[in-house]
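input-v3.csv (CSV, C-alpha atoms and all ligand atoms) appears below.
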```csv
chain,number,residue,atom,x,y,z
B,1,MET,CA,117.4,-1.9,-151.6
B,2,PRO,CA,117.9,1.9,-151.7
B,3,THR,CA,116.4,3.8,-148.9
B,4,THR,CA,113.8,6.4,-149.1
B,5,LYS,CA,114.8,9.6,-147.3
B,6,ARG,CA,112.3,10.8,-144.6
B,7,ILE,CA,112.3,14.6,-144.9
B,8,GLY,CA,110.8,16.8,-142.2
B,9,ILE,CA,108.6,19.7,-143.3
B,10,ASP,CA,111.3,22.2,-142.1
B,11,HIS,CA,113.5,20.8,-144.9
B,12,VAL,CA,111.4,21.3,-148.0
B,13,LYS,CA,114.6,22.7,-149.6
B,14,ILE,CA,116.1,19.2,-149.5
B,15,ALA,CA,113.1,17.7,-151.2
B,16,ALA,CA,113.2,20.5,-153.9
B,17,GLU,CA,116.9,19.7,-154.5
B,18,ILE,CA,116.1,16.0,-155.1
B,19,LEU,CA,113.4,17.0,-157.6
B,20,ARG,CA,115.8,19.4,-159.4
B,21,GLN,CA,118.3,16.6,-159.7
B,22,GLY,CA,115.7,14.4,-161.4
B,23,GLY,CA,114.7,12.4,-158.4
B,24,THR,CA,111.3,11.5,-157.0
B,25,VAL,CA,109.8,12.8,-153.7
B,26,ALA,CA,106.3,12.2,-152.3
B,27,PHE,CA,104.7,15.2,-150.6
B,28,PRO,CA,101.4,16.2,-149.0
B,29,THR,CA,98.7,18.1,-151.0
B,30,GLU,CA,95.2,18.9,-149.7
B,31,THR,CA,93.8,16.0,-151.7
B,32,VAL,CA,96.1,13.0,-151.2
B,33,TYR,CA,99.9,12.6,-151.1
B,34,GLY,CA,101.5,13.1,-154.5
B,35,LEU,CA,104.6,11.5,-156.0
B,36,GLY,CA,106.6,14.4,-157.4
B,37,ALA,CA,109.0,14.6,-160.3
B,38,ASP,CA,110.2,17.3,-162.6
B,39,ALA,CA,107.6,17.6,-165.4
B,40,LEU,CA,110.1,18.7,-167.9
B,41,ASN,CA,112.6,15.8,-167.3
B,42,PRO,CA,111.6,12.6,-169.2
B,43,GLU,CA,114.0,10.4,-167.1
B,44,ALA,CA,112.5,11.6,-163.9
B,45,ILE,CA,109.0,10.9,-165.3
B,46,ASP,CA,110.0,7.4,-166.2
B,47,LYS,CA,110.9,6.8,-162.5
B,48,ILE,CA,107.4,7.7,-161.5
B,49,PHE,CA,105.9,5.0,-163.8
B,50,VAL,CA,108.4,2.4,-162.5
B,51,ALA,CA,107.9,3.2,-158.8
B,52,LYS,CA,104.2,3.1,-159.0
B,53,GLY,CA,103.9,0.2,-161.5
B,54,ARG,CA,101.7,2.6,-163.4
B,55,PRO,CA,100.6,1.7,-166.9
B,56,SER,CA,102.3,4.1,-169.4
B,57,ASP,CA,98.9,5.0,-171.0
B,58,ASN,CA,97.8,6.7,-167.8
B,59,PRO,CA,98.7,10.4,-168.0
B,60,LEU,CA,100.0,12.5,-165.1
B,61,ILE,CA,98.7,15.7,-163.6
B,62,VAL,CA,101.2,18.7,-163.8
B,63,HIS,CA,101.3,20.8,-160.6
B,64,ILE,CA,102.2,24.5,-160.6
B,65,ALA,CA,102.6,27.1,-157.8
B,66,ALA,CA,101.9,30.3,-159.9
B,67,LEU,CA,99.8,31.1,-162.9
B,68,GLU,CA,102.9,32.3,-164.9
B,69,GLN,CA,104.0,28.7,-165.1
B,70,LEU,CA,100.9,27.8,-167.1
B,71,ASP,CA,102.2,29.3,-170.4
B,72,ALA,CA,105.0,26.8,-170.7
B,73,ILE,CA,102.6,23.9,-170.1
B,74,ALA,CA,99.3,24.7,-172.0
B,75,HIS,CA,99.1,26.5,-175.2
B,76,ALA,CA,95.5,27.5,-175.2
B,77,VAL,CA,93.5,28.4,-172.1
B,78,THR,CA,89.9,28.7,-173.1
B,79,PRO,CA,87.5,31.2,-171.4
B,80,LEU,CA,85.8,28.3,-169.8
B,81,ALA,CA,89.1,27.1,-168.2
B,82,LYS,CA,89.9,30.7,-167.2
B,83,ASN,CA,86.6,30.9,-165.2
B,84,LEU,CA,87.3,27.7,-163.4
B,85,ILE,CA,90.9,28.6,-162.7
B,86,GLU,CA,90.0,32.0,-161.3
B,87,ARG,CA,87.3,30.6,-159.1
B,88,TYR,CA,88.9,27.4,-157.8
B,89,TRP,CA,92.7,27.8,-157.9
B,90,PRO,CA,94.6,27.2,-155.8
B,91,GLY,CA,92.6,24.1,-154.8
B,92,PRO,CA,91.5,20.5,-155.5
B,93,LEU,CA,90.5,21.1,-159.2
B,94,THR,CA,92.5,19.8,-162.2
B,95,VAL,CA,91.8,21.3,-165.6
B,96,VAL,CA,92.6,19.5,-168.9
B,97,LEU,CA,94.0,21.9,-171.5
B,98,LYS,CA,95.7,21.8,-174.9
B,99,LYS,CA,99.3,20.8,-174.4
B,100,SER,CA,102.4,22.8,-175.1
B,101,PRO,CA,105.1,21.0,-177.1
B,102,ASP,CA,107.5,21.5,-174.1
B,103,ILE,CA,105.8,18.9,-172.0
B,104,PRO,CA,107.2,15.4,-172.7
B,105,ALA,CA,104.8,12.9,-174.3
B,106,SER,CA,105.3,10.5,-171.4
B,107,VAL,CA,103.5,13.0,-169.1
B,108,THR,CA,100.4,13.0,-171.2
B,109,ALA,CA,100.5,9.4,-172.4
B,110,GLY,CA,100.8,10.7,-176.0
B,111,LEU,CA,97.6,12.8,-175.8
B,112,ASP,CA,97.6,16.4,-177.2
B,113,THR,CA,96.1,17.6,-173.9
B,114,VAL,CA,97.6,18.1,-170.5
B,115,ALA,CA,96.0,18.0,-167.0
B,116,VAL,CA,97.1,20.9,-164.7
B,117,ARG,CA,96.4,21.8,-161.1
B,118,MET,CA,97.6,24.5,-158.6
B,119,PRO,CA,97.3,22.9,-155.2
B,120,GLU,CA,96.6,25.0,-152.1
B,121,ASP,CA,98.5,23.0,-149.5
B,122,PRO,CA,101.3,25.3,-148.3
B,123,ILE,CA,103.9,22.6,-148.2
B,124,ALA,CA,103.1,21.6,-151.8
B,125,ILE,CA,103.2,25.2,-152.9
B,126,GLU,CA,106.6,25.8,-151.2
B,127,LEU,CA,108.0,22.6,-152.7
B,128,ILE,CA,107.0,23.6,-156.3
B,129,ARG,CA,108.2,27.2,-155.8
B,130,LEU,CA,111.6,26.1,-154.5
B,131,THR,CA,112.0,23.5,-157.3
B,132,ASP,CA,111.1,26.2,-159.7
B,133,ARG,CA,109.7,23.7,-162.3
B,134,PRO,CA,106.3,22.3,-163.0
B,135,ILE,CA,105.9,19.1,-161.0
B,136,VAL,CA,104.1,15.9,-162.0
B,137,ALA,CA,102.4,14.3,-159.0
B,138,PRO,CA,100.2,11.3,-159.4
B,139,SER,CA,98.9,9.8,-156.1
B,140,ALA,CA,101.8,8.4,-154.1
B,141,ASN,CA,100.6,4.8,-154.0
B,142,ARG,CA,101.4,1.6,-156.0
B,143,SER,CA,99.1,1.6,-159.0
B,144,GLY,CA,95.6,0.2,-158.3
B,145,ARG,CA,95.9,0.6,-154.5
B,146,PRO,CA,94.0,3.1,-152.4
B,147,SER,CA,95.6,6.6,-152.5
B,148,ALA,CA,98.0,7.6,-149.7
B,149,THR,CA,96.5,10.1,-147.3
B,150,SER,CA,99.5,10.1,-144.9
B,151,TRP,CA,103.2,9.8,-145.3
B,152,GLN,CA,103.1,6.5,-143.5
B,153,ALA,CA,100.8,5.2,-146.2
B,154,VAL,CA,103.3,6.4,-148.8
B,155,VAL,CA,106.1,4.5,-147.1
B,156,GLU,CA,103.9,1.4,-146.9
B,157,ASP,CA,103.6,1.3,-150.7
B,158,LEU,CA,106.8,2.9,-151.9
B,159,ASP,CA,109.6,2.6,-149.4
B,160,GLY,CA,112.8,1.9,-151.3
B,161,LEU,CA,111.2,2.7,-154.6
B,162,ILE,CA,111.3,6.5,-154.4
B,163,ASP,CA,114.1,8.9,-153.3
B,164,GLY,CA,112.2,10.8,-150.6
B,165,VAL,CA,109.0,11.5,-148.7
B,166,LEU,CA,108.1,14.8,-147.1
B,167,CYS,CA,106.6,13.9,-143.8
B,168,GLY,CA,103.8,16.4,-143.5
B,169,PRO,CA,100.4,16.0,-141.8
B,170,PRO,CA,97.6,13.8,-143.0
B,171,THR,CA,95.7,15.3,-146.0
B,172,ARG,CA,92.7,17.6,-145.4
B,173,ILE,CA,90.3,16.1,-148.1
B,174,GLY,CA,91.5,12.5,-148.6
B,175,LEU,CA,90.2,12.1,-152.2
B,176,GLU,CA,91.9,13.0,-155.4
B,177,SER,CA,91.2,16.2,-157.3
B,178,THR,CA,88.2,16.8,-159.5
B,179,VAL,CA,89.3,16.6,-163.2
B,180,VAL,CA,87.4,18.7,-165.8
B,181,ASP,CA,88.2,18.5,-169.5
B,182,THR,CA,87.8,22.0,-170.9
B,183,THR,CA,89.2,21.3,-174.4
B,184,GLY,CA,85.9,20.4,-176.1
B,185,LYS,CA,82.8,22.4,-176.9
B,186,TRP,CA,81.3,21.5,-173.5
B,187,PRO,CA,83.1,20.9,-170.2
B,188,ILE,CA,83.1,17.3,-169.0
B,189,ILE,CA,83.9,16.1,-165.5
B,190,LEU,CA,86.3,13.2,-165.9
B,191,ARG,CA,86.7,12.5,-162.2
B,192,HIS,CA,84.6,13.7,-159.3
B,193,GLY,CA,86.2,15.3,-156.2
B,194,ALA,CA,85.8,17.9,-153.5
B,195,ILE,CA,85.1,20.6,-156.1
B,196,THR,CA,81.6,19.2,-156.8
B,197,GLN,CA,79.6,19.1,-160.0
B,198,GLU,CA,77.2,21.6,-158.3
B,199,MET,CA,80.2,24.0,-157.6
B,200,ILE,CA,81.4,23.7,-161.2
B,201,GLN,CA,77.9,24.3,-162.6
B,202,ALA,CA,77.6,27.4,-160.4
B,203,CYS,CA,80.7,28.7,-162.0
B,204,ILE,CA,80.4,27.8,-165.7
B,205,GLY,CA,76.8,26.6,-166.2
B,206,ASN,CA,76.0,23.2,-167.5
B,207,VAL,CA,78.6,20.5,-167.3
B,208,SER,CA,78.3,16.8,-168.1
B,209,THR,CA,79.8,13.9,-166.3
B,210,ALA,CA,82.1,11.5,-168.1
B,211,THR,CA,80.3,9.1,-170.4
B,212,SER,CA,82.2,6.0,-171.6
B,213,ASP,CA,83.3,8.0,-174.6
B,214,ALA,CA,84.7,10.8,-172.4
B,215,GLN,CA,86.3,8.2,-170.2
B,216,ARG,CA,88.3,7.0,-173.1
B,217,ARG,CA,89.8,10.5,-173.1
B,218,SER,CA,90.8,10.1,-169.5
B,219,PRO,CA,92.7,6.8,-169.8
B,220,GLY,CA,93.3,6.6,-166.0
B,221,THR,CA,89.7,6.0,-165.3
B,222,ARG,CA,89.8,2.7,-167.3
B,223,HIS,CA,92.3,1.1,-164.9
B,224,ARG,CA,91.8,-0.8,-161.7
B,225,HIS,CA,91.7,1.8,-158.9
B,226,TYR,CA,91.4,2.4,-155.2
B,227,GLN,CA,91.3,-1.2,-154.3
B,228,PRO,CA,92.3,-2.6,-150.9
B,229,ARG,CA,93.4,-6.2,-150.7
B,230,ALA,CA,90.1,-7.0,-148.9
B,231,ARG,CA,87.0,-7.5,-151.0
B,232,VAL,CA,84.8,-4.4,-150.9
B,233,VAL,CA,81.0,-4.9,-150.6
B,234,LEU,CA,78.5,-2.0,-150.6
B,235,PHE,CA,75.4,-1.8,-148.5
B,236,LYS,CA,72.6,0.7,-148.4
B,237,ASP,CA,71.9,1.5,-144.8
B,238,PHE,CA,73.0,0.5,-141.4
B,239,LEU,CA,69.5,-0.8,-140.7
B,240,THR,CA,69.7,-3.1,-143.8
B,241,LEU,CA,73.3,-4.1,-143.2
B,242,ASP,CA,72.5,-7.5,-141.7
B,243,PRO,CA,71.4,-9.3,-144.9
B,244,VAL,CA,74.8,-8.6,-146.5
B,245,LEU,CA,77.0,-9.5,-143.5
B,246,PRO,CA,78.0,-13.1,-143.1
B,247,ASP,CA,76.5,-14.9,-140.2
B,248,PRO,CA,77.7,-16.1,-137.7
B,249,ALA,CA,79.5,-12.8,-137.0
B,250,GLU,CA,82.8,-14.5,-136.0
B,251,ILE,CA,84.6,-13.5,-139.2
B,252,PRO,CA,86.4,-10.3,-138.7
B,253,VAL,CA,85.3,-7.7,-141.2
B,254,GLY,CA,85.5,-3.9,-141.7
B,255,ILE,CA,82.4,-1.7,-141.7
B,256,ILE,CA,82.5,2.0,-142.7
B,257,GLY,CA,79.7,4.5,-143.3
B,258,CYS,CA,78.3,7.8,-142.4
B,259,ARG,CA,75.5,8.9,-140.0
B,260,ASP,CA,75.0,12.4,-138.8
B,261,ASP,CA,72.0,11.7,-136.7
B,262,SER,CA,71.9,11.6,-133.0
B,263,ASP,CA,71.5,7.8,-133.1
B,264,ARG,CA,75.1,7.4,-134.3
B,265,ALA,CA,76.5,6.1,-131.0
B,266,GLU,CA,73.6,3.8,-130.6
B,267,ILE,CA,74.1,2.3,-134.0
B,268,GLN,CA,77.8,1.9,-133.4
B,269,ASN,CA,77.1,0.0,-130.1
B,270,ARG,CA,74.5,-2.2,-131.7
B,271,LEU,CA,76.8,-3.1,-134.6
B,272,GLN,CA,79.8,-3.7,-132.2
B,273,LYS,CA,77.7,-6.0,-130.1
B,274,ARG,CA,76.4,-8.0,-133.1
B,275,TYR,CA,79.8,-8.1,-134.8
B,276,PRO,CA,82.4,-8.1,-131.9
B,277,HIS,CA,85.3,-8.8,-134.2
B,278,ALA,CA,84.5,-6.1,-136.7
B,279,GLU,CA,86.4,-2.9,-137.3
B,280,ILE,CA,83.7,-0.3,-137.3
B,281,LYS,CA,83.9,3.3,-138.3
B,282,ILE,CA,80.8,5.5,-138.5
B,283,CYS,CA,81.7,9.0,-139.7
B,284,ARG,CA,79.9,12.1,-138.6
B,285,SER,CA,79.8,13.8,-142.0
B,286,MET,CA,80.5,13.3,-145.7
B,287,ASP,CA,83.7,15.2,-145.3
B,288,GLU,CA,84.8,12.7,-142.7
B,289,TYR,CA,83.7,9.7,-144.8
B,290,ALA,CA,85.7,11.0,-147.8
B,291,ASN,CA,88.7,11.7,-145.6
B,292,SER,CA,88.6,8.3,-143.8
B,293,LEU,CA,87.9,5.9,-146.6
B,294,PHE,CA,91.4,5.2,-148.0
B,295,GLU,CA,92.9,5.2,-144.5
B,296,PHE,CA,90.3,2.7,-143.4
B,297,PHE,CA,91.0,0.5,-146.4
B,298,ARG,CA,94.7,0.4,-145.5
B,299,HIS,CA,93.9,-0.2,-141.8
B,300,CYS,CA,91.7,-3.2,-142.6
B,301,ASP,CA,94.4,-4.6,-144.9
B,302,SER,CA,97.0,-4.3,-142.2
B,303,LEU,CA,94.6,-6.4,-140.0
B,304,LYS,CA,94.3,-8.9,-142.9
B,305,LEU,CA,90.5,-8.5,-142.9
B,306,GLN,CA,88.9,-10.3,-145.9
B,307,THR,CA,85.9,-8.1,-146.5
B,308,ILE,CA,85.1,-4.4,-146.0
B,309,PHE,CA,81.5,-3.3,-146.0
B,310,CYS,CA,81.0,0.3,-147.2
B,311,GLN,CA,77.8,2.3,-147.0
B,312,GLN,CA,76.5,3.8,-150.2
B,313,VAL,CA,75.7,7.5,-150.0
B,314,ASP,CA,73.6,9.9,-152.1
B,315,SER,CA,75.2,10.7,-155.4
B,316,SER,CA,75.2,14.5,-155.0
B,317,GLY,CA,77.8,17.0,-153.8
B,318,LEU,CA,80.8,15.2,-152.3
B,319,GLY,CA,78.8,12.0,-152.3
B,320,ARG,CA,79.4,11.6,-156.0
B,321,ALA,CA,83.2,11.4,-155.4
B,322,ILE,CA,82.7,9.0,-152.6
B,323,MET,CA,80.4,6.7,-154.7
B,324,ASP,CA,82.8,6.9,-157.6
B,325,ARG,CA,85.7,5.5,-155.4
B,326,LEU,CA,83.5,3.0,-153.7
B,327,THR,CA,82.1,1.6,-156.9
B,328,ARG,CA,85.6,1.2,-158.4
B,329,ALA,CA,87.0,-0.3,-155.2
B,330,SER,CA,84.2,-2.9,-155.2
B,331,GLN,CA,84.8,-4.0,-158.9
B,401,LIG,P1,96.3,10.3,-160.5
B,401,LIG,O1,97.6,10.7,-161.0
B,401,LIG,O2,96.3,9.0,-159.9
B,401,LIG,O3,95.7,11.4,-159.6
B,401,LIG,O4,95.4,10.3,-161.8
B,401,LIG,C1,95.4,11.3,-162.7
B,401,LIG,C2,94.1,11.3,-163.4
B,401,LIG,O5,94.0,12.4,-164.3
B,401,LIG,C3,93.9,10.1,-164.2
B,401,LIG,O6,92.5,9.6,-164.1
B,401,LIG,C4,94.1,10.5,-165.7
B,401,LIG,O7,93.4,9.8,-166.6
B,401,LIG,C5,93.7,12.0,-165.6
B,401,LIG,N1,94.4,12.7,-166.7
B,401,LIG,C6,95.7,13.1,-166.6
B,401,LIG,N2,96.0,13.8,-167.8
B,401,LIG,C7,94.9,13.8,-168.6
B,401,LIG,C8,94.6,14.3,-169.9
B,401,LIG,N3,95.5,14.9,-170.6
B,401,LIG,N4,93.3,14.1,-170.4
B,401,LIG,C9,92.4,13.5,-169.6
B,401,LIG,N5,92.6,12.9,-168.4
B,401,LIG,C10,93.8,13.1,-167.9
B,402,MG,MG,95.9,7.6,-158.5
```
Once you've parsed the file, please lay out its structure as structure tokens.
Ligand code: AMP
Ligand code: MG
Amino acid sequence: MPTTKRIGIDHVKIAAEILRQGGTVAFPTETVYGLGADALNPEAIDKIFVAKGRPSDNPLIVHIAALEQLDAIAHAVTPLAKNLIERYWPGPLTVVLKKSPDIPASVTAGLDTVAVRMPEDPIAIELIRLTDRPIVAPSANRSGRPSATSWQAVVEDLDGLIDGVLCGPPTRIGLESTVVDTTGKWPIILRHGAITQEMIQACIGNVSTATSDAQRRSPGTRHRHYQPRARVVLFKDFLTLDPVLPDPAEIPVGIIGCRDDSDRAEIQNRLQKRYPHAEIKICRSMDEYANSLFEFFRHCDSLKLQTIFCQQVDSSGLGRAIMDRLTRASQ
């Protein structure tokens, strides 16, 4: 099996050279680790689909480091998209635009639109700059699995299947970017993320969330996604957890949720007493919940736990993105 080169963050140049030669390199972004390839090289793009086992009807997001790169990718940037770009780039927001003919059809799964993002992570930006090309970068996990939020998680899924991995720090946000389609009359959020619906509304006024019709326009949302090997079961509140957990509590399970109240430690102790074999993580904030979720899934899988209980949260702000991932993971 070919080996995947571990590349230190002082050697971004080596990673850029691999990308320029048509290879694949995983790298950190502020959302999750991305699996990079030259967006203008169809052979390099094919390698991404093979390494991830990604269905070919699931289009890729093109990443850029400077606005000047946009002209070669999209051929019409609407005023709506301009507003969003000015406000939230660089950052965890992907904008769907009309595609330029220079972008290979395999990038966009044959659609006449293309998804573009300018990340803010300094390592990602340096890599794209040094490569001097637009870079496709889907999440660096095997298709269907939880996204990788650390380089170790990338290696777990893709060792031997990709040319390199840039070994940067764990990601800041831990959930994939918000995707907004700006090609229609009205903007539509196709995927929720850290740039929340409220933040988008504050910038461009009313925006709707993907209906099933819009989801057909974002083919990726149709596929199995974010799933650990363990079964995911959702519960409402730590106080009502007991009815969903199996009894007796001998079976090792995972339990994750969020509680910012002063009774956090007390709840943790109570649960740990009642379920001594459980892996329990009670996050202090929604940010921490978002950032811990995929790592917790992978941790529970490494312990071969059969069930992970996840607390539901309010579907507002970042909570929408968390609920979206939880719902898909539990399907
Ligand atoms: P991932 O690469 O795992 O972050 O997934 C990329 C997401 O962006 C998927 O949900 C895709 O369906 C979505 N996407 C990429 N390109 C387009 C496009 N041209 N139109 C709509 N959605 C897109
Ligand atoms: Mg993905």
Item to check | Within 9 Å of ligand LIG 401 (chain B), counting all atoms listed in the file, residues as a ChimeraX atom specification | outcome: /B:32,34-35,57-62,94-99,107-116,136-141,143-144,147,176-181,190-191,214-223,225
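Atom CA of B:Val165 is found 17.0 Å from atom CA of B:His63.
The coordinates place atom CA of B:Glu86 at 13.4 Å from atom CA of B:Glu68.
Here the question is which of B:Met199, B:Ala148, B:Val154, B:Ala329 gets nearest to ligand MG 402 (chain B) using all atoms listed in the file, and that residue is B:Ala148.
Taking all atoms listed in the file into account, the protein, DNA and RNA residues within 12 Å of (73.4, -0.8, -145.4) read Val233, Leu234, Phe235, Lys236, Asp237, Phe238, Leu239, Thr240, Leu241, Asp242, Pro243, Val244, Leu245, Ile255, Ile256, Gly257, Cys258, Arg259, Ile267, Leu271, Ile282, Phe309, Cys310, Gln311, Gln312 and Val313 of chain B.
Comparing the minimum interatomic distances between ligand MG 402 (chain B) and each of B:Pro169, B:Gly193, B:Pro79, B:Pro146, counting only C-alpha atoms and all ligand atoms, we find that B:Pro146 sits nearest.
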Tell me, as a PDB file with C-alpha atoms, in the frame of the given file, which residues lie within 7 Å of stretch 1-7 of chain B, counting only C-alpha atoms; anything in the same chain fewer than 6 positions away does not count.
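Dumped everything to around04.pdb:
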```
ATOM      1  CA  ASP B 159     109.600   2.600-149.400  1.00  0.00           C
ATOM      2  CA  GLY B 160     112.800   1.900-151.300  1.00  0.00           C
ATOM      3  CA  ILE B 162     111.300   6.500-154.400  1.00  0.00           C
ATOM      4  CA  ASP B 163     114.100   8.900-153.300  1.00  0.00           C
ATOM      5  CA  GLY B 164     112.200  10.800-150.600  1.00  0.00           C
ATOM      6  CA  VAL B 165     109.000  11.500-148.700  1.00  0.00           C
ATOM      7  CA  LEU B 166     108.100  14.800-147.100  1.00  0.00           C
ATOM      8  CA  CYS B 167     106.600  13.900-143.800  1.00  0.00           C
TER       9      CYS B 167
END
```
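The gap separating atom CA of B:Arg142 from atom CA of B:Glu295 is 14.7 Å, in Å to one decimal.
For the residues B:Ile173, B:Ile251, B:Ala210, B:Ala278, ranking by smallest atom-to-atom distance to B:Ala194 using only C-alpha atoms places B:Ile173 first.
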Checklist entry - For B:Ile204, which residue among B:Val50, B:Met118, B:Leu80, B:Ala74 is the nearest when counting only C-alpha atoms? => result B:Leu80
Checklist entry - Neighbours of B:Met323 within 8 Å (all atoms listed in the file; same-chain residues fewer than 3 positions away dropped), as a list of chain:residue names? => result B:Gln312, B:Val313, B:Asp314, B:Ser315, B:Gly319, B:Arg320, B:Leu326, B:Thr327
Item to check | Selection as a PyMOL selection string: residues within 10 Å of (100.0, -1.9, -145.7), counting all atoms listed in the file | outcome: chain B and resi 152-157+228-229+297-304
May I have the selected residues written with C-alpha atoms, as a short mmCIF file (atom, residue, chain, number, x, y, z; two decimals), in the coordinates of the input?
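Written output follows (again-v2.cif):
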```cif
data_model
loop_
_atom_site.label_atom_id
_atom_site.label_comp_id
_atom_site.auth_asym_id
_atom_site.auth_seq_id
_atom_site.Cartn_x
_atom_site.Cartn_y
_atom_site.Cartn_z
CA GLN B 152 103.10 6.50 -143.50
CA ALA B 153 100.80 5.20 -146.20
CA VAL B 154 103.30 6.40 -148.80
CA VAL B 155 106.10 4.50 -147.10
CA GLU B 156 103.90 1.40 -146.90
CA ASP B 157 103.60 1.30 -150.70
CA PRO B 228 92.30 -2.60 -150.90
CA ARG B 229 93.40 -6.20 -150.70
CA PHE B 297 91.00 0.50 -146.40
CA ARG B 298 94.70 0.40 -145.50
CA HIS B 299 93.90 -0.20 -141.80
CA CYS B 300 91.70 -3.20 -142.60
CA ASP B 301 94.40 -4.60 -144.90
CA SER B 302 97.00 -4.30 -142.20
CA LEU B 303 94.60 -6.40 -140.00
CA LYS B 304 94.30 -8.90 -142.90
#
```
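Using all atoms listed in the file, the shortest contact distance between ligand MG 402 (chain B) and any of B:Ile135, B:Leu175, B:Pro101, B:Ile125 is found at B:Leu175.
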Checklist entry - Near B:Ile195, within 9 Å and counting only C-alpha atoms, which residues show up once chain neighbours fewer than 2 positions away are dropped, as a VMD selection string? => result chain B and resid 88 91 to 93 177 to 178 192 to 193 197 to 200 317 to 318
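Proximity to ligand MG 402 (chain B) was assessed for B:Gly23, B:Val207, B:Ser106, B:Arg325 counting only C-alpha atoms and all ligand atoms; the smallest distance is recorded for B:Arg325.
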